[in-house]
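Raw protein27.cif, mmCIF, C-alpha atoms:
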```cif
data_protein
loop_
_atom_site.group_PDB
_atom_site.id
_atom_site.type_symbol
_atom_site.label_atom_id
_atom_site.label_comp_id
_atom_site.auth_asym_id
_atom_site.auth_seq_id
_atom_site.Cartn_x
_atom_site.Cartn_y
_atom_site.Cartn_z
ATOM 1 C CA MET X 1 -2.787 -43.294 -5.239
ATOM 2 C CA THR X 2 -4.295 -39.880 -5.913
ATOM 3 C CA GLU X 3 -6.653 -38.886 -3.124
ATOM 4 C CA LYS X 4 -10.265 -38.467 -4.141
ATOM 5 C CA TYR X 5 -12.724 -36.026 -2.613
ATOM 6 C CA ASP X 6 -16.369 -35.392 -3.250
ATOM 7 C CA VAL X 7 -15.671 -31.659 -3.442
ATOM 8 C CA VAL X 8 -12.594 -29.460 -3.589
ATOM 9 C CA VAL X 9 -13.197 -25.857 -2.543
ATOM 10 C CA VAL X 10 -10.629 -23.436 -3.942
ATOM 11 C CA GLY X 11 -10.429 -20.458 -1.603
ATOM 12 C CA GLY X 12 -10.787 -20.270 2.169
ATOM 13 C CA GLY X 13 -12.600 -16.963 2.607
ATOM 14 C CA ALA X 14 -16.210 -16.475 3.664
ATOM 15 C CA ALA X 15 -17.622 -18.106 0.526
ATOM 16 C CA GLY X 16 -15.297 -21.096 0.574
ATOM 17 C CA LEU X 17 -15.629 -21.766 4.297
ATOM 18 C CA SER X 18 -19.402 -21.417 4.179
ATOM 19 C CA ALA X 19 -19.584 -23.928 1.337
ATOM 20 C CA ALA X 20 -17.251 -26.274 3.196
ATOM 21 C CA LEU X 21 -19.361 -26.069 6.353
ATOM 22 C CA VAL X 22 -22.523 -27.099 4.521
ATOM 23 C CA LEU X 23 -20.702 -29.843 2.607
ATOM 24 C CA GLY X 24 -19.098 -31.221 5.744
ATOM 25 C CA ARG X 25 -22.425 -31.339 7.548
ATOM 26 C CA ALA X 26 -23.856 -33.192 4.538
ATOM 27 C CA ARG X 27 -21.148 -35.850 4.933
ATOM 28 C CA GLN X 28 -19.316 -34.969 1.732
ATOM 29 C CA ARG X 29 -15.566 -35.565 1.797
ATOM 30 C CA THR X 30 -14.308 -32.034 1.283
ATOM 31 C CA LEU X 31 -10.934 -30.361 0.853
ATOM 32 C CA VAL X 32 -10.450 -26.589 1.140
ATOM 33 C CA VAL X 33 -7.337 -25.178 -0.534
ATOM 34 C CA ASP X 34 -6.579 -21.744 0.892
ATOM 35 C CA ALA X 35 -3.800 -19.492 -0.410
ATOM 36 C CA GLY X 36 -4.316 -17.124 2.553
ATOM 37 C CA GLU X 37 -4.968 -13.935 0.568
ATOM 38 C CA PRO X 38 -8.375 -12.607 1.691
ATOM 39 C CA ARG X 39 -9.500 -9.421 -0.025
ATOM 40 C CA ASN X 40 -10.462 -7.746 3.261
ATOM 41 C CA ALA X 41 -7.137 -8.431 4.995
ATOM 42 C CA PRO X 42 -6.264 -4.689 5.214
ATOM 43 C CA ALA X 43 -9.458 -3.957 7.187
ATOM 44 C CA ALA X 44 -9.374 -4.034 10.979
ATOM 45 C CA HIS X 45 -13.057 -4.935 11.213
ATOM 46 C CA MET X 46 -15.892 -6.109 8.989
ATOM 47 C CA GLN X 47 -19.268 -4.436 9.180
ATOM 48 C CA GLY X 48 -22.854 -5.169 8.205
ATOM 49 C CA TYR X 49 -22.838 -8.906 8.971
ATOM 50 C CA LEU X 50 -25.690 -9.525 11.401
ATOM 51 C CA SER X 51 -24.326 -10.884 14.727
ATOM 52 C CA ARG X 52 -20.740 -10.403 13.516
ATOM 53 C CA ASP X 53 -20.731 -6.622 13.026
ATOM 54 C CA GLY X 54 -17.327 -5.197 13.968
ATOM 55 C CA MET X 55 -15.574 -8.557 14.069
ATOM 56 C CA PRO X 56 -11.964 -8.602 12.799
ATOM 57 C CA PRO X 57 -11.783 -10.503 9.480
ATOM 58 C CA ALA X 58 -8.950 -12.733 10.706
ATOM 59 C CA GLU X 59 -10.992 -13.715 13.768
ATOM 60 C CA PHE X 60 -14.003 -14.469 11.563
ATOM 61 C CA LEU X 61 -11.960 -16.764 9.315
ATOM 62 C CA ALA X 62 -10.343 -18.503 12.293
ATOM 63 C CA ALA X 63 -13.796 -19.268 13.701
ATOM 64 C CA GLY X 64 -14.881 -20.615 10.323
ATOM 65 C CA ARG X 65 -11.866 -22.896 10.101
ATOM 66 C CA GLU X 66 -12.630 -24.288 13.557
ATOM 67 C CA GLU X 67 -16.241 -24.936 12.564
ATOM 68 C CA ILE X 68 -15.473 -26.860 9.366
ATOM 69 C CA ALA X 69 -12.925 -29.003 11.202
ATOM 70 C CA ARG X 70 -15.730 -30.350 13.424
ATOM 71 C CA TYR X 71 -17.237 -32.044 10.381
ATOM 72 C CA GLY X 72 -14.076 -33.615 9.052
ATOM 73 C CA VAL X 73 -13.365 -31.033 6.365
ATOM 74 C CA GLU X 74 -9.666 -30.873 5.505
ATOM 75 C CA LEU X 75 -8.024 -27.489 4.951
ATOM 76 C CA VAL X 76 -4.567 -26.988 3.485
ATOM 77 C CA ARG X 77 -2.638 -23.750 3.081
ATOM 78 C CA ASP X 78 -1.638 -24.059 -0.550
ATOM 79 C CA ARG X 79 -2.509 -22.792 -4.014
ATOM 80 C CA VAL X 80 -4.170 -24.563 -6.929
ATOM 81 C CA VAL X 81 -1.914 -24.187 -9.958
ATOM 82 C CA GLU X 82 -3.697 -26.421 -12.438
ATOM 83 C CA VAL X 83 -7.051 -28.060 -12.887
ATOM 84 C CA ALA X 84 -8.371 -30.342 -15.603
ATOM 85 C CA LYS X 85 -11.698 -32.027 -16.207
ATOM 86 C CA GLY X 86 -12.010 -35.689 -17.084
ATOM 87 C CA GLU X 87 -14.335 -38.184 -15.495
ATOM 88 C CA ASP X 88 -13.481 -36.260 -12.328
ATOM 89 C CA PHE X 89 -11.522 -33.062 -11.812
ATOM 90 C CA SER X 90 -7.763 -33.307 -11.394
ATOM 91 C CA VAL X 91 -6.488 -30.564 -9.083
ATOM 92 C CA VAL X 92 -2.759 -29.849 -8.815
ATOM 93 C CA LEU X 93 -1.430 -27.876 -5.824
ATOM 94 C CA ALA X 94 1.687 -25.714 -5.762
ATOM 95 C CA GLY X 95 3.136 -27.940 -3.049
ATOM 96 C CA GLY X 96 3.178 -30.899 -5.434
ATOM 97 C CA ARG X 97 0.049 -32.696 -4.293
ATOM 98 C CA THR X 98 -2.556 -33.811 -6.843
ATOM 99 C CA VAL X 99 -6.107 -34.698 -5.834
ATOM 100 C CA ARG X 100 -9.303 -35.666 -7.609
ATOM 101 C CA ALA X 101 -12.732 -34.194 -7.012
ATOM 102 C CA ARG X 102 -16.198 -34.973 -8.261
ATOM 103 C CA ARG X 103 -17.228 -31.326 -7.977
ATOM 104 C CA LEU X 104 -15.454 -27.964 -7.571
ATOM 105 C CA VAL X 105 -16.277 -24.726 -5.802
ATOM 106 C CA VAL X 106 -14.191 -21.788 -7.014
ATOM 107 C CA ALA X 107 -14.107 -19.068 -4.362
ATOM 108 C CA THR X 108 -10.849 -17.389 -5.360
ATOM 109 C CA GLY X 109 -12.155 -13.836 -5.019
ATOM 110 C CA LEU X 110 -10.427 -10.895 -6.620
ATOM 111 C CA LYS X 111 -7.482 -8.569 -6.146
ATOM 112 C CA ASP X 112 -7.814 -4.806 -5.647
ATOM 113 C CA GLU X 113 -5.322 -2.733 -7.616
ATOM 114 C CA LEU X 114 -5.096 0.694 -5.996
ATOM 115 C CA PRO X 115 -4.527 4.053 -7.705
ATOM 116 C CA ALA X 116 -0.823 4.822 -8.104
ATOM 117 C CA VAL X 117 -0.848 7.791 -5.743
ATOM 118 C CA PRO X 118 1.920 7.844 -3.104
ATOM 119 C CA GLY X 119 0.574 6.846 0.300
ATOM 120 C CA VAL X 120 -2.683 5.270 -0.880
ATOM 121 C CA ALA X 121 -1.561 1.622 -0.650
ATOM 122 C CA GLU X 122 0.089 2.136 2.741
ATOM 123 C CA ARG X 123 -3.084 3.530 4.296
ATOM 124 C CA PHE X 124 -5.666 1.393 2.516
ATOM 125 C CA GLY X 125 -8.157 -0.086 4.972
ATOM 126 C CA ARG X 126 -7.324 2.542 7.605
ATOM 127 C CA ASP X 127 -8.192 6.065 6.462
ATOM 128 C CA VAL X 128 -8.002 5.342 2.731
ATOM 129 C CA LEU X 129 -11.208 3.422 2.059
ATOM 130 C CA HIS X 130 -13.335 2.209 -0.825
ATOM 131 C CA CYS X 131 -16.725 1.148 0.553
ATOM 132 C CA PRO X 132 -18.949 3.493 2.593
ATOM 133 C CA PHE X 133 -21.194 0.596 3.581
ATOM 134 C CA CYS X 134 -18.139 -1.118 5.069
ATOM 135 C CA HIS X 135 -16.581 1.894 6.813
ATOM 136 C CA GLY X 136 -18.890 4.899 6.528
ATOM 137 C CA TRP X 137 -20.318 4.748 10.047
ATOM 138 C CA GLU X 138 -16.869 4.590 11.626
ATOM 139 C CA VAL X 139 -15.706 7.785 9.843
ATOM 140 C CA ARG X 140 -19.043 9.628 9.764
ATOM 141 C CA ASP X 141 -19.036 13.422 9.760
ATOM 142 C CA GLN X 142 -15.306 13.674 9.117
ATOM 143 C CA PRO X 143 -13.882 15.655 6.174
ATOM 144 C CA PHE X 144 -13.979 13.256 3.214
ATOM 145 C CA GLY X 145 -12.051 13.255 -0.015
ATOM 146 C CA VAL X 146 -12.934 11.138 -3.033
ATOM 147 C CA LEU X 147 -10.250 10.378 -5.617
ATOM 148 C CA ALA X 148 -11.647 10.166 -9.132
ATOM 149 C CA SER X 149 -10.302 7.352 -11.274
ATOM 150 C CA SER X 150 -12.890 7.874 -14.037
ATOM 151 C CA PRO X 151 -16.070 9.892 -14.574
ATOM 152 C CA ALA X 152 -17.905 6.961 -12.951
ATOM 153 C CA SER X 153 -16.330 8.013 -9.628
ATOM 154 C CA VAL X 154 -19.085 10.620 -9.415
ATOM 155 C CA HIS X 155 -21.307 7.851 -8.070
ATOM 156 C CA GLN X 156 -18.891 7.175 -5.204
ATOM 157 C CA ALA X 157 -18.687 10.879 -4.359
ATOM 158 C CA LEU X 158 -22.474 11.100 -4.230
ATOM 159 C CA MET X 159 -22.816 7.943 -2.133
ATOM 160 C CA VAL X 160 -20.348 8.967 0.559
ATOM 161 C CA SER X 161 -22.232 12.241 1.070
ATOM 162 C CA GLN X 162 -24.709 10.107 3.041
ATOM 163 C CA TRP X 163 -22.080 9.807 5.789
ATOM 164 C CA SER X 164 -20.535 13.293 5.708
ATOM 165 C CA LYS X 165 -21.616 16.696 4.452
ATOM 166 C CA ASP X 166 -18.002 17.779 4.004
ATOM 167 C CA VAL X 167 -16.954 16.016 0.797
ATOM 168 C CA ARG X 168 -14.405 17.115 -1.793
ATOM 169 C CA PHE X 169 -14.243 15.337 -5.117
ATOM 170 C CA PHE X 170 -10.669 15.374 -6.438
ATOM 171 C CA LEU X 171 -10.828 15.027 -10.206
ATOM 172 C CA HIS X 172 -7.189 13.852 -10.363
ATOM 173 C CA ALA X 173 -6.766 12.540 -13.929
ATOM 174 C CA VAL X 174 -10.368 13.301 -14.948
ATOM 175 C CA ALA X 175 -11.040 16.537 -16.830
ATOM 176 C CA GLU X 176 -13.958 18.588 -15.594
ATOM 177 C CA GLU X 177 -15.491 18.599 -19.077
ATOM 178 C CA GLU X 178 -15.767 14.804 -18.842
ATOM 179 C CA LEU X 179 -18.497 15.249 -16.234
ATOM 180 C CA SER X 180 -22.026 15.552 -17.572
ATOM 181 C CA ASP X 181 -24.375 18.394 -16.689
ATOM 182 C CA GLU X 182 -26.378 15.879 -14.651
ATOM 183 C CA ASP X 183 -23.226 14.847 -12.755
ATOM 184 C CA LEU X 184 -22.444 18.443 -11.887
ATOM 185 C CA ARG X 185 -26.058 19.135 -10.881
ATOM 186 C CA ARG X 186 -26.150 16.131 -8.549
ATOM 187 C CA LEU X 187 -22.756 16.931 -7.025
ATOM 188 C CA ALA X 188 -23.919 20.469 -6.310
ATOM 189 C CA ALA X 189 -27.214 19.228 -4.859
ATOM 190 C CA ALA X 190 -25.300 16.860 -2.544
ATOM 191 C CA GLY X 191 -22.985 19.673 -1.443
ATOM 192 C CA VAL X 192 -19.898 17.976 -2.889
ATOM 193 C CA ASP X 193 -17.078 20.353 -3.822
ATOM 194 C CA VAL X 194 -15.349 19.549 -7.124
ATOM 195 C CA VAL X 195 -11.567 20.072 -7.012
ATOM 196 C CA PRO X 196 -9.711 20.047 -10.370
ATOM 197 C CA GLY X 197 -6.073 19.073 -10.578
ATOM 198 C CA GLU X 198 -3.928 15.979 -10.182
ATOM 199 C CA VAL X 199 -3.407 14.507 -6.717
ATOM 200 C CA ALA X 200 0.309 14.138 -6.005
ATOM 201 C CA GLY X 201 0.175 12.461 -2.600
ATOM 202 C CA LEU X 202 -1.208 12.320 0.903
ATOM 203 C CA VAL X 203 -0.291 14.286 3.999
ATOM 204 C CA VAL X 204 0.177 12.036 7.034
ATOM 205 C CA GLU X 205 0.948 13.255 10.554
ATOM 206 C CA ASP X 206 1.312 11.052 13.643
ATOM 207 C CA ASP X 207 0.193 8.061 11.559
ATOM 208 C CA ARG X 208 -3.060 9.775 10.572
ATOM 209 C CA LEU X 209 -4.221 11.129 7.231
ATOM 210 C CA THR X 210 -4.520 14.889 7.549
ATOM 211 C CA GLY X 211 -4.617 16.096 3.969
ATOM 212 C CA VAL X 212 -4.532 15.576 0.225
ATOM 213 C CA ARG X 213 -1.759 17.352 -1.706
ATOM 214 C CA LEU X 214 -2.205 18.397 -5.315
ATOM 215 C CA ALA X 215 0.507 18.588 -7.952
ATOM 216 C CA ASP X 216 0.423 22.396 -7.794
ATOM 217 C CA GLY X 217 1.438 22.225 -4.132
ATOM 218 C CA THR X 218 -1.895 23.144 -2.600
ATOM 219 C CA THR X 219 -3.131 20.988 0.274
ATOM 220 C CA HIS X 220 -6.690 20.199 1.252
ATOM 221 C CA SER X 221 -7.309 19.196 4.844
ATOM 222 C CA ARG X 222 -8.982 15.771 4.827
ATOM 223 C CA SER X 223 -9.031 12.911 7.320
ATOM 224 C CA VAL X 224 -10.576 10.249 5.057
ATOM 225 C CA LEU X 225 -9.996 9.496 1.385
ATOM 226 C CA PHE X 226 -12.252 7.211 -0.631
ATOM 227 C CA VAL X 227 -10.771 5.550 -3.703
ATOM 228 C CA ALA X 228 -12.060 3.131 -6.334
ATOM 229 C CA PRO X 229 -9.674 0.181 -6.718
ATOM 230 C CA HIS X 230 -9.411 -1.559 -10.058
ATOM 231 C CA ALA X 231 -10.830 -5.036 -9.510
ATOM 232 C CA VAL X 232 -8.878 -7.933 -10.989
ATOM 233 C CA PRO X 233 -11.021 -11.106 -10.832
ATOM 234 C CA ARG X 234 -9.084 -14.286 -10.120
ATOM 235 C CA THR X 235 -10.676 -16.291 -12.912
ATOM 236 C CA GLY X 236 -7.638 -18.210 -14.158
ATOM 237 C CA LEU X 237 -8.900 -21.632 -13.062
ATOM 238 C CA LEU X 238 -12.349 -20.995 -14.490
ATOM 239 C CA GLU X 239 -10.865 -19.898 -17.794
ATOM 240 C CA ARG X 240 -8.736 -23.050 -17.992
ATOM 241 C CA LEU X 241 -11.879 -25.106 -17.550
ATOM 242 C CA GLY X 242 -13.620 -23.194 -20.334
ATOM 243 C CA ALA X 243 -16.169 -21.328 -18.222
ATOM 244 C CA GLU X 244 -18.058 -18.598 -20.036
ATOM 245 C CA LEU X 245 -17.326 -15.104 -18.714
ATOM 246 C CA ARG X 246 -19.398 -11.931 -18.908
ATOM 247 C CA GLU X 247 -17.921 -8.461 -19.198
ATOM 248 C CA THR X 248 -18.910 -5.922 -16.542
ATOM 249 C CA PRO X 249 -17.655 -2.410 -15.686
ATOM 250 C CA PHE X 250 -15.577 -4.122 -12.967
ATOM 251 C CA GLY X 251 -14.017 -6.912 -15.007
ATOM 252 C CA ALA X 252 -14.979 -10.259 -16.495
ATOM 253 C CA TYR X 253 -16.829 -12.674 -14.191
ATOM 254 C CA PRO X 254 -18.254 -16.162 -14.785
ATOM 255 C CA VAL X 255 -21.777 -16.645 -16.012
ATOM 256 C CA VAL X 256 -23.593 -18.467 -13.195
ATOM 257 C CA ASP X 257 -27.093 -19.636 -12.360
ATOM 258 C CA PRO X 258 -28.821 -18.684 -9.070
ATOM 259 C CA THR X 259 -26.882 -21.395 -7.197
ATOM 260 C CA GLY X 260 -23.499 -20.310 -8.580
ATOM 261 C CA LEU X 261 -23.239 -23.108 -11.149
ATOM 262 C CA THR X 262 -20.982 -21.999 -13.992
ATOM 263 C CA THR X 263 -21.304 -23.076 -17.624
ATOM 264 C CA VAL X 264 -18.896 -25.933 -16.851
ATOM 265 C CA PRO X 265 -20.824 -28.917 -15.450
ATOM 266 C CA GLY X 266 -19.714 -29.683 -11.912
ATOM 267 C CA VAL X 267 -18.112 -26.283 -11.265
ATOM 268 C CA TRP X 268 -19.674 -23.708 -8.976
ATOM 269 C CA ALA X 269 -18.371 -20.225 -8.118
ATOM 270 C CA ALA X 270 -19.162 -18.006 -5.145
ATOM 271 C CA GLY X 271 -18.153 -14.779 -3.421
ATOM 272 C CA ASN X 272 -16.063 -12.170 -5.194
ATOM 273 C CA ALA X 273 -15.284 -14.815 -7.812
ATOM 274 C CA ILE X 274 -18.694 -13.953 -9.297
ATOM 275 C CA GLY X 275 -18.810 -10.197 -8.768
ATOM 276 C CA PHE X 276 -17.074 -7.072 -7.491
ATOM 277 C CA SER X 277 -19.673 -6.033 -4.927
ATOM 278 C CA GLU X 278 -20.076 -9.287 -2.976
ATOM 279 C CA GLN X 279 -19.682 -8.390 0.712
ATOM 280 C CA VAL X 280 -18.793 -10.960 3.375
ATOM 281 C CA VAL X 281 -22.428 -11.682 4.151
ATOM 282 C CA HIS X 282 -23.201 -12.178 0.442
ATOM 283 C CA ALA X 283 -20.168 -14.414 -0.002
ATOM 284 C CA ALA X 284 -21.192 -16.635 2.910
ATOM 285 C CA SER X 285 -24.705 -16.901 1.500
ATOM 286 C CA GLY X 286 -23.385 -17.742 -1.963
ATOM 287 C CA GLY X 287 -21.153 -20.465 -0.571
ATOM 288 C CA TYR X 288 -24.123 -21.971 1.256
ATOM 289 C CA ARG X 289 -26.290 -21.973 -1.886
ATOM 290 C CA ALA X 290 -23.553 -23.554 -3.983
ATOM 291 C CA ALA X 291 -22.913 -26.290 -1.426
ATOM 292 C CA ALA X 292 -26.593 -27.157 -1.054
ATOM 293 C CA ALA X 293 -26.897 -27.460 -4.834
ATOM 294 C CA ILE X 294 -23.825 -29.688 -4.984
ATOM 295 C CA VAL X 295 -25.191 -32.030 -2.328
ATOM 296 C CA GLY X 296 -28.335 -32.525 -4.379
ATOM 297 C CA ASP X 297 -26.374 -32.867 -7.601
ATOM 298 C CA LEU X 298 -24.111 -35.576 -6.179
ATOM 299 C CA LEU X 299 -27.049 -37.425 -4.664
ATOM 300 C CA MET X 300 -28.915 -37.579 -7.966
ATOM 301 C CA ALA X 301 -25.762 -38.634 -9.807
ATOM 302 C CA ASP X 302 -25.280 -41.534 -7.396
ATOM 303 C CA LEU X 303 -28.926 -42.581 -7.557
ATOM 304 C CA ASP X 304 -28.977 -42.502 -11.344
ATOM 305 C CA ALA X 305 -25.617 -44.238 -11.881
ATOM 306 C CA PRO X 306 -26.822 -47.854 -11.343
ATOM 307 C CA VAL X 307 -29.458 -47.501 -14.062
ATOM 308 C CA GLY X 308 -27.175 -45.659 -16.468
ATOM 309 C CA VAL X 309 -29.199 -42.444 -16.524
#
```
Take the structure from the file and write it as structure tokens.
Amino acid sequence: MTEKYDVVVVGGGAAGLSAALVLGRARQRTLVVDAGEPRNAPAAHMQGYLSRDGMPPAEFLAAGREEIARYGVELVRDRVVEVAKGEDFSVVLAGGRTVRARRLVVATGLKDELPAVPGVAERFGRDVLHCPFCHGWEVRDQPFGVLASSPASVHQALMVSQWSKDVRFFLHAVAEEELSDEDLRRLAAAGVDVVPGEVAGLVVEDDRLTGVRLADGTTHSRSVLFVAPHAVPRTGLLERLGAELRETPFGAYPVVDPTGLTTVPGVWAAGNAIGFSEQVVHAASGGYRAAAAIVGDLLMADLDAPVGV
């Protein structure tokens, strides 16, 4: 017989584990399906999470898995390949297992696609970074570079100037005339140097970034490079279920209410599954909110069932 759970959580990152913890403590039979692809895997440490500042992401997730196990939550390392909604949800795993769930939490996150500049992918999470709130303190006062991927990268160049006063904004594939007068005024006011020309690669010595090389052969000494990855939301399951999506500058994400409930009854989303800028602390909070809402939703459904409400 197909196993039945109260809730299946798709994704075992901060959002999914947080939801599972709350559900387990509320005595809901819960299964977490984790493909093992956390967005922050390249980072050595996570920052800005009160009481967990500086903790390695892998250590954080291991602690979360231990905690949910105390409450009988089951976790499997697998991938959901299909989901369908009937009276319950039918969830098919890549390993061949099919389970049923009364409610779903989709915490599948997103994938970062990095600029196609040689060396960027290899050093991402080390001295090629994307978030100053995540890494700015650790690299403060070093010579920064910012790689433009669009005129919107001006915002990133301005933001990182909070952590270093030596910032060079490499226009790369962006023409200088694409920048507005206000952009140029703000960059000048922040002390950010604008460098035209395409970036051809990085200079690495002794396993450290030491420079940024342009296509014309010139090299700029830099020890940190900020880039803006292209976010690819993992919304496949939500789309199959017919969830409404909203377009943002960072991709299409599900329309959700304050608890994470999508437009599909019985389906919640949390973490980077609902937005590009969800940090670990936000993801954990979103998972908690979704789980608390689900507990109440299931309770009311059970109380109303005998009277046919």
query: Care to translate the PyMOL selection byres ((chain X and resi 197) around 7) into actual residues of this file, as a PyMOL selection string?
result: chain X and resi 171-172+195-196+198-199+214
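Taking all atoms listed in the file into account, Trp163 (chain X) lies nearest to X:Arg140 out of the set X:Arg140, X:Lys4, X:Arg289, X:Arg234.
When the PyMOL selection byres ((chain X and resi 179) around 12) is evaluated against the file, it yields Ala148, Ser150, Pro151, Ala152, Ser153, Val154, His155, Phe169, Leu171, Val174, Ala175, Glu176, Glu177, Glu178, Ser180, Asp181, Glu182, Asp183, Leu184, Arg185, Arg186, Leu187, Val194 and Pro196 of chain X.
For the residues X:Leu241, X:Ala14, X:Val73, X:Ala19, ranking by smallest atom-to-atom distance to Glu59 (chain X) using all atoms listed in the file places X:Ala14 first.
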query: What do you get, as number ranges by chain, if you spell out every residue that the PyMOL selection byres ((chain X and resi 245) around 6) selects here?
result: X: 244, 246, 252-255
message: Which residues are close to Ile294 (chain X), i.e. within 12 Å by only C-alpha atoms, leaving aside same-chain residues fewer than 6 positions away? Reply as a ChimeraX atom specification.
response: /X:6-9,19-20,22-24,26-28,30,102-105,259-261,265-269,287-288,300-301
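Distance check against Pro132 (chain X) using all atoms listed in the file: of X:Val32, X:Val281, X:Leu209, X:Leu225, the minimum falls on X:Leu225.
What separates CA of Val10 (chain X) from CA of Val80 (chain X) is a distance of 7.2 Å.
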- prompt: Counting only C-alpha atoms, what is within 9 Å of Gln279 (chain X), bar same-chain residues fewer than 5 positions away, as a ChimeraX atom specification?
  reply: /X:48-49,134,271-272,284
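Omitting Leu202 (chain X) and its sequence neighbours fewer than 2 positions away, and counting all atoms listed in the file, the residues within 6 Å are Gly119, Gly211, Val212 and Arg213 of chain X.
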Dump of C-alpha atoms for the selected residues, as a PDB file, keeping the file's coordinate frame:
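And here is the file that came out, part00.pdb:
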```
ATOM      1  CA  GLY X 119       0.574   6.846   0.300  1.00  0.00           C
ATOM      2  CA  GLY X 211      -4.617  16.096   3.969  1.00  0.00           C
ATOM      3  CA  VAL X 212      -4.532  15.576   0.225  1.00  0.00           C
ATOM      4  CA  ARG X 213      -1.759  17.352  -1.706  1.00  0.00           C
TER       5      ARG X 213
END
```
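Among the candidate residues X:Val106, X:Ala62, X:Ala189, X:Ala84, the one lying nearest to Val256 (chain X) is X:Val106, with distances computed using all atoms listed in the file.
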Could you rebuild region 179-184 of chain X with all heavy atoms and give it back as a short mmCIF file (atom, residue, chain, number, x, y, z; two decimals), in the frame of the given file?
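Output contents, as saved in rebuild.cif:
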```cif
data_model
loop_
_atom_site.label_atom_id
_atom_site.label_comp_id
_atom_site.auth_asym_id
_atom_site.auth_seq_id
_atom_site.Cartn_x
_atom_site.Cartn_y
_atom_site.Cartn_z
N LEU X 179 -17.31 15.41 -17.06
CA LEU X 179 -18.50 15.25 -16.23
C LEU X 179 -19.71 15.81 -16.97
O LEU X 179 -19.64 16.88 -17.57
CB LEU X 179 -18.32 15.96 -14.89
CG LEU X 179 -17.09 15.56 -14.07
CD1 LEU X 179 -17.11 16.28 -12.73
CD2 LEU X 179 -17.01 14.06 -13.87
N SER X 180 -20.81 15.10 -16.90
CA SER X 180 -22.03 15.55 -17.57
C SER X 180 -22.69 16.66 -16.76
O SER X 180 -22.39 16.87 -15.57
CB SER X 180 -23.00 14.38 -17.74
OG SER X 180 -23.49 13.97 -16.48
N ASP X 181 -23.61 17.36 -17.40
CA ASP X 181 -24.38 18.39 -16.69
C ASP X 181 -25.15 17.78 -15.53
O ASP X 181 -25.27 18.39 -14.46
CB ASP X 181 -25.34 19.09 -17.65
CG ASP X 181 -24.62 19.95 -18.68
OD1 ASP X 181 -23.44 20.30 -18.43
OD2 ASP X 181 -25.22 20.27 -19.73
N GLU X 182 -25.65 16.55 -15.72
CA GLU X 182 -26.38 15.88 -14.65
C GLU X 182 -25.45 15.54 -13.49
O GLU X 182 -25.83 15.68 -12.32
CB GLU X 182 -27.03 14.60 -15.17
CG GLU X 182 -27.89 13.89 -14.12
CD GLU X 182 -28.59 12.67 -14.69
OE1 GLU X 182 -27.90 11.77 -15.20
OE2 GLU X 182 -29.83 12.62 -14.59
N ASP X 183 -24.21 15.11 -13.81
CA ASP X 183 -23.23 14.85 -12.76
C ASP X 183 -23.00 16.10 -11.92
O ASP X 183 -23.02 16.05 -10.68
CB ASP X 183 -21.89 14.41 -13.36
CG ASP X 183 -21.92 13.02 -13.97
OD1 ASP X 183 -22.78 12.23 -13.57
OD2 ASP X 183 -21.08 12.74 -14.84
N LEU X 184 -22.74 17.19 -12.59
CA LEU X 184 -22.44 18.44 -11.89
C LEU X 184 -23.65 18.91 -11.07
O LEU X 184 -23.49 19.42 -9.95
CB LEU X 184 -22.03 19.52 -12.89
CG LEU X 184 -20.71 19.25 -13.63
CD1 LEU X 184 -20.50 20.25 -14.75
CD2 LEU X 184 -19.53 19.29 -12.64
#
```
